[in-house]
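Accompanying notes for the structure given below.
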Amino acid sequence: MIKSILIIDFGSQYTHLIGRKIRELGLFCEIKPPKYIKNIDTLKQHQCIVLSGGPDSVLSKKSPSLSIDISKITIPILGICYGFQYISHELGGKILKTNDREYGNTLIEALKSNLLFKNTPKSQKVWMSHGDSLNKLPKGFKIIAKTKNNIVAAITNNKNIYALQFHPEVTHSDFGKEILSNFLFKICKFKKNWSSINLNANVKKYLNLNINEKQPNIICAVSGGVDSTVLAFALSKHLNTKNLHFVFVNNGLLRKYDESNIRQIFKSFKLKLNVINAENLFVKKLKNTKDPEKKRKIIGSLFIDVFNNYLKSLKKKSFYLAQGTLYTDIIESTSYHGGKSATIKSHHNVGGLPKDINFNIIEPFKELFKDEVRKLGSFYKLNKDFISRHPFPGPGLGIRCIGNITKERLDTLRDVDEIFIQYLRDKHLYNLSWQAFAVLLPVRSVGVMGDERTYEETVVLRCINSVDGMTANVTNFPIEVLSEVATLIINKVSKVNKVLYDITSKPPSTIEWE
Ligand code: XMP
């Protein structure tokens, strides 16, 4: 039996990134809440433990903890951020509250002779996000990395306990992957046991475990994006297509090209697609709703209403509703593994479901990240251009049309988006960005066109680079490119007279505006 890597989720936004990075290294891992460890015997199925970061301070009485004494654990342990402080605190070190919260990129000096830092430079950039710091080492530990300001960045003892104050799992830590790899392969002596073929096998396993009927009726909501389309393809591969119903709802919050694109793809799959036009219904219900969370809830529950009506028209008794929900949709909405991560946005696939729902939800991708779904799409040999399509949020232009949603404002945004995206494609710039889109602001400003005074709307162009949407940097398009596309937009869309470029990264911002 393969002994797996156990990741204990202390509630960090990045916990699942640890899992994903480990899977990328070709190893199987499981993420569990702290209460999963009942006693020392629980650990018999695991070859090592990673203790994640988390929003709490170990100095707070309510901070999460394990029910066993970590000094009794005999398998290797890697603590990250909160995990680092937890190990130090539990083993007799002293953690102090500091006035300066350290947040963002920091240079550390690492002890190269230590196995953990093997094949990484002495001075390297890491991602820090912490308030408390280690003031006195726990007994038997030594420092193996420090920041330039003398803050302890990594420690170890001779019992294979390693602890890092920084986050090796985020891409901003330049050698984070090497550090995790050193811990797993050099210190824990793992051999590779996970590959992208497992992604397909895991979807199959999920479907077998979660669908109990022989002839299940399955309705799959297709948004036109990569996730739900790959899901539709996965379902058609693993299940009897006779009882599969693929539904695409035009909710009036789509871009100009979304409906025609998805019709084309389904035609090429030779799968039947049912298109429901609910444009008026959505736009009418969203009128005068400015609050982004309310918008999401309205959009989510309208989707369900539309589905219910569609289901009734099919005259079947029970249904499974398949959704292409990703892990990122869940982690930022609710605490997934029982940890404590704070609510940031409620994504439509998770929030807004009515209580009297009469179908079972299946979400075969709920443990996957976007790039893993893309890998699965490639494994199924789906069109490359389609797989590399930028993500488009479920609530669509509903959360990009800031302020009042009207058909007229949505049409303006659609025009801008089409010009912008077509421009990026024509200039071969589209694939240089992970996600590019336009946002319509509730701000008007004065301009001049010819000799005429104008008082029109403002759009923001946003282009970011990311690996998984959890963190993001701004795409550095040259100012000439941006001014050229801004001129095109202003010349062609009469309702817009100002174009801005968003230059904030995530964090502290998010990718979308709402
Ligand atoms: P944020 O704005 O949270 O975006 O930094 C991260 C990624 O998630 C997408 N996103 C959503 N996707 N429903 C979705 O299906 C939503 O409500 C939603 N909000 C954000 C966003 O486009 C980006 O790729």
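Note on naming: chains are A, B, ... as they come in the structure tokens, residues start from 1 per chain, ligands start from 1 in the order shown.
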
Next on the checklist: Could you go through range 183-421 of chain A and tell me which residues DSSP, when run on the backbone, assigns to strand (DSSP E), listing them as a ChimeraX atom specification?
Outcome noted: /A:218-221,244-250,273-277,319-322,359-362

Checklist entry - Which residues, written as number ranges by chain, have at least one atom at most 9 Å from range 318-320 of chain A, with only C-alpha atoms counted and residues fewer than 5 positions away on the same chain left out? => result A: 211, 216-220, 311, 358-362

Item to check | Picked from range 168-361 of chain A by DSSP as alpha helix (DSSP H), as number ranges by chain | outcome: A: 176-181, 197-210, 226-238, 258-269, 279-286, 292-314, 327-331

Next on the checklist: What's around range 22-31 of chain A at 6 Å? Count only C-alpha atoms, leave out sequence neighbours fewer than 5 positions away in its own chain, and write the answer as a list in words.
Outcome noted: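 Surrounding residues, per the criterion: Ser4, Ile5, Leu6, Ile7, Ile8, Lys192, Asn193, Trp194 and Ser195 of chain A.
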
Write the residues of the selection above to a file with all heavy atoms, as a PDB file, in the first residue's frame.
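Heads up, here's the output in selection-v1.pdb:
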```pdb
ATOM      1  N   SER A   4       0.513   7.759   2.005  1.00  0.00           N
ATOM      2  CA  SER A   4       0.373   9.069   1.371  1.00  0.00           C
ATOM      3  C   SER A   4       0.939  10.189   2.234  1.00  0.00           C
ATOM      4  O   SER A   4       1.317   9.997   3.388  1.00  0.00           O
ATOM      5  CB  SER A   4      -1.096   9.347   1.080  1.00  0.00           C
ATOM      6  OG  SER A   4      -1.777   9.552   2.278  1.00  0.00           O
ATOM      7  N   ILE A   5       0.952  11.369   1.600  1.00  0.00           N
ATOM      8  CA  ILE A   5       1.391  12.573   2.302  1.00  0.00           C
ATOM      9  C   ILE A   5       0.149  13.185   2.930  1.00  0.00           C
ATOM     10  O   ILE A   5      -0.860  13.383   2.241  1.00  0.00           O
ATOM     11  CB  ILE A   5       2.015  13.551   1.290  1.00  0.00           C
ATOM     12  CG1 ILE A   5       3.248  12.897   0.662  1.00  0.00           C
ATOM     13  CG2 ILE A   5       2.326  14.899   1.932  1.00  0.00           C
ATOM     14  CD1 ILE A   5       3.621  13.476  -0.675  1.00  0.00           C
ATOM     15  N   LEU A   6       0.206  13.468   4.201  1.00  0.00           N
ATOM     16  CA  LEU A   6      -0.946  14.059   4.880  1.00  0.00           C
ATOM     17  C   LEU A   6      -0.720  15.563   5.032  1.00  0.00           C
ATOM     18  O   LEU A   6       0.285  15.985   5.614  1.00  0.00           O
ATOM     19  CB  LEU A   6      -1.109  13.411   6.260  1.00  0.00           C
ATOM     20  CG  LEU A   6      -2.158  14.052   7.175  1.00  0.00           C
ATOM     21  CD1 LEU A   6      -3.560  13.912   6.589  1.00  0.00           C
ATOM     22  CD2 LEU A   6      -2.125  13.400   8.569  1.00  0.00           C
ATOM     23  N   ILE A   7      -1.655  16.345   4.473  1.00  0.00           N
ATOM     24  CA  ILE A   7      -1.558  17.800   4.651  1.00  0.00           C
ATOM     25  C   ILE A   7      -2.647  18.202   5.642  1.00  0.00           C
ATOM     26  O   ILE A   7      -3.824  17.928   5.425  1.00  0.00           O
ATOM     27  CB  ILE A   7      -1.779  18.544   3.312  1.00  0.00           C
ATOM     28  CG1 ILE A   7      -0.744  18.092   2.280  1.00  0.00           C
ATOM     29  CG2 ILE A   7      -1.719  20.058   3.516  1.00  0.00           C
ATOM     30  CD1 ILE A   7      -1.065  18.507   0.866  1.00  0.00           C
ATOM     31  N   ILE A   8      -2.249  18.808   6.727  1.00  0.00           N
ATOM     32  CA  ILE A   8      -3.237  19.272   7.707  1.00  0.00           C
ATOM     33  C   ILE A   8      -3.548  20.731   7.401  1.00  0.00           C
ATOM     34  O   ILE A   8      -2.652  21.576   7.329  1.00  0.00           O
ATOM     35  CB  ILE A   8      -2.713  19.107   9.151  1.00  0.00           C
ATOM     36  CG1 ILE A   8      -2.586  17.624   9.501  1.00  0.00           C
ATOM     37  CG2 ILE A   8      -3.631  19.816  10.155  1.00  0.00           C
ATOM     38  CD1 ILE A   8      -3.895  16.831   9.531  1.00  0.00           C
ATOM     39  N   LYS A 192       7.933   8.615  -7.193  1.00  0.00           N
ATOM     40  CA  LYS A 192       6.767   9.170  -7.883  1.00  0.00           C
ATOM     41  C   LYS A 192       5.613   8.165  -7.969  1.00  0.00           C
ATOM     42  O   LYS A 192       5.847   6.988  -8.257  1.00  0.00           O
ATOM     43  CB  LYS A 192       7.142   9.601  -9.303  1.00  0.00           C
ATOM     44  CG  LYS A 192       7.993  10.836  -9.300  1.00  0.00           C
ATOM     45  CD  LYS A 192       8.109  11.442 -10.674  1.00  0.00           C
ATOM     46  CE  LYS A 192       8.994  12.665 -10.520  1.00  0.00           C
ATOM     47  NZ  LYS A 192       8.947  13.592 -11.571  1.00  0.00           N
ATOM     48  N   ASN A 193       4.373   8.627  -7.704  1.00  0.00           N
ATOM     49  CA  ASN A 193       3.233   7.711  -7.780  1.00  0.00           C
ATOM     50  C   ASN A 193       1.954   8.373  -8.297  1.00  0.00           C
ATOM     51  O   ASN A 193       0.867   7.857  -8.139  1.00  0.00           O
ATOM     52  CB  ASN A 193       2.973   7.072  -6.402  1.00  0.00           C
ATOM     53  CG  ASN A 193       2.767   8.124  -5.316  1.00  0.00           C
ATOM     54  OD1 ASN A 193       2.348   9.240  -5.597  1.00  0.00           O
ATOM     55  ND2 ASN A 193       3.069   7.770  -4.083  1.00  0.00           N
ATOM     56  N   TRP A 194       2.049   9.552  -8.908  1.00  0.00           N
ATOM     57  CA  TRP A 194       0.854  10.273  -9.366  1.00  0.00           C
ATOM     58  C   TRP A 194       1.137  10.934 -10.704  1.00  0.00           C
ATOM     59  O   TRP A 194       2.167  11.568 -10.878  1.00  0.00           O
ATOM     60  CB  TRP A 194       0.501  11.345  -8.316  1.00  0.00           C
ATOM     61  CG  TRP A 194      -0.663  12.230  -8.659  1.00  0.00           C
ATOM     62  CD1 TRP A 194      -0.598  13.459  -9.251  1.00  0.00           C
ATOM     63  CD2 TRP A 194      -2.038  11.982  -8.427  1.00  0.00           C
ATOM     64  NE1 TRP A 194      -1.848  13.981  -9.393  1.00  0.00           N
ATOM     65  CE2 TRP A 194      -2.765  13.097  -8.896  1.00  0.00           C
ATOM     66  CE3 TRP A 194      -2.753  10.903  -7.870  1.00  0.00           C
ATOM     67  CZ2 TRP A 194      -4.152  13.185  -8.832  1.00  0.00           C
ATOM     68  CZ3 TRP A 194      -4.129  10.996  -7.799  1.00  0.00           C
ATOM     69  CH2 TRP A 194      -4.815  12.122  -8.268  1.00  0.00           C
ATOM     70  N   SER A 195       0.238  10.770 -11.698  1.00  0.00           N
ATOM     71  CA  SER A 195       0.467  11.432 -12.990  1.00  0.00           C
ATOM     72  C   SER A 195      -0.857  11.953 -13.523  1.00  0.00           C
ATOM     73  O   SER A 195      -1.911  11.675 -12.959  1.00  0.00           O
ATOM     74  CB  SER A 195       1.052  10.445 -13.989  1.00  0.00           C
ATOM     75  OG  SER A 195       0.015   9.603 -14.449  1.00  0.00           O
TER      76      SER A 195
END
```

Next on the checklist: 6 Å from ligand 1 is the threshold here; counting only C-alpha atoms and all ligand atoms, which polymer residues fall inside it? Answer as a ChimeraX atom specification.
Outcome noted: /A:347-348,391-395,469,510-512

Output for the residues just chosen: N, CA and C atoms as a tab-separated table (two decimals), in the first residue's frame:
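The result, written out as result.tsv:
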```
chain	number	residue	atom	x	y	z
A	347	HIS	N	-18.99	32.22	-4.88
A	347	HIS	CA	-19.10	31.93	-6.30
A	347	HIS	C	-20.43	31.25	-6.57
A	348	HIS	N	-20.98	31.50	-7.76
A	348	HIS	CA	-22.36	31.08	-7.97
A	348	HIS	C	-22.55	29.58	-7.86
A	391	PRO	N	-10.06	31.96	-18.47
A	391	PRO	CA	-11.23	31.67	-17.63
A	391	PRO	C	-12.28	32.77	-17.76
A	392	PHE	N	-13.53	32.39	-17.65
A	392	PHE	CA	-14.63	33.36	-17.67
A	392	PHE	C	-15.52	33.00	-16.48
A	393	PRO	N	-15.80	33.95	-15.58
A	393	PRO	CA	-16.53	33.58	-14.35
A	393	PRO	C	-17.98	33.17	-14.62
A	394	GLY	N	-18.49	32.27	-13.79
A	394	GLY	CA	-19.88	31.81	-13.93
A	394	GLY	C	-20.88	32.96	-14.02
A	395	PRO	N	-20.81	33.98	-13.14
A	395	PRO	CA	-21.78	35.08	-13.22
A	395	PRO	C	-21.50	36.03	-14.39
A	469	GLY	N	-4.98	31.33	-10.58
A	469	GLY	CA	-5.98	32.32	-10.15
A	469	GLY	C	-5.89	32.66	-8.66
A	510	THR	N	-8.20	41.44	-6.06
A	510	THR	CA	-8.59	40.15	-6.63
A	510	THR	C	-8.56	40.34	-8.15
A	511	ILE	N	-8.77	39.26	-8.89
A	511	ILE	CA	-8.67	39.39	-10.35
A	511	ILE	C	-9.88	40.15	-10.90
A	512	GLU	N	-11.07	39.67	-10.56
A	512	GLU	CA	-12.28	40.38	-10.98
A	512	GLU	C	-12.44	41.63	-10.12
```

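Using only C-alpha atoms, the shortest contact distance between Ser133 in chain A and any of A:Val481, A:Leu235, A:Ala145, A:Ile95 is found at A:Ile95.
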
Item to check | Non-local contacts of Ile144 in chain A (6 Å; only C-alpha atoms; under 3 positions in same chain excluded) as JSON, numbers by chain | outcome: {"A": [110, 111, 154, 155]}

Checklist entry - Any idea what's packed within 9 Å of Phe166 in chain A, counting only C-alpha atoms, ignoring anything in its chain fewer than 4 positions away? Could you give it as a list of chain:residue names? => result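 The contact residues come out as A:Ile80, A:Cys81, A:Phe84, A:Thr106, A:Val126, A:Trp127, A:Met128, A:Ser129, A:His130, A:Ala153, A:Ala154, A:Ser173.
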
Item to check | Residue nearest Ile419 in chain A - candidates A:Tyr501, A:Leu382, A:Asp451, A:Tyr257, atoms counted: only C-alpha atoms | outcome: A:Tyr257

Next on the checklist: Residues near Leu116 in chain A, anyone? I mean within 7 Å using only C-alpha atoms, not counting same-chain ones fewer than 6 positions away, as a list of chain:residue names.
Outcome noted: A:Ile179, A:Asn182, A:Phe183

Item to check | All residues 12 Å or closer to Lys384 in chain A, only C-alpha atoms, same chain fewer than 5 positions away omitted, as a list in words | outcome: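 My list of contacting residues is Val226, Arg374, Lys375, Leu376, Gly377, Ser378, Phe379, Arg389 and Asn431 of chain A.
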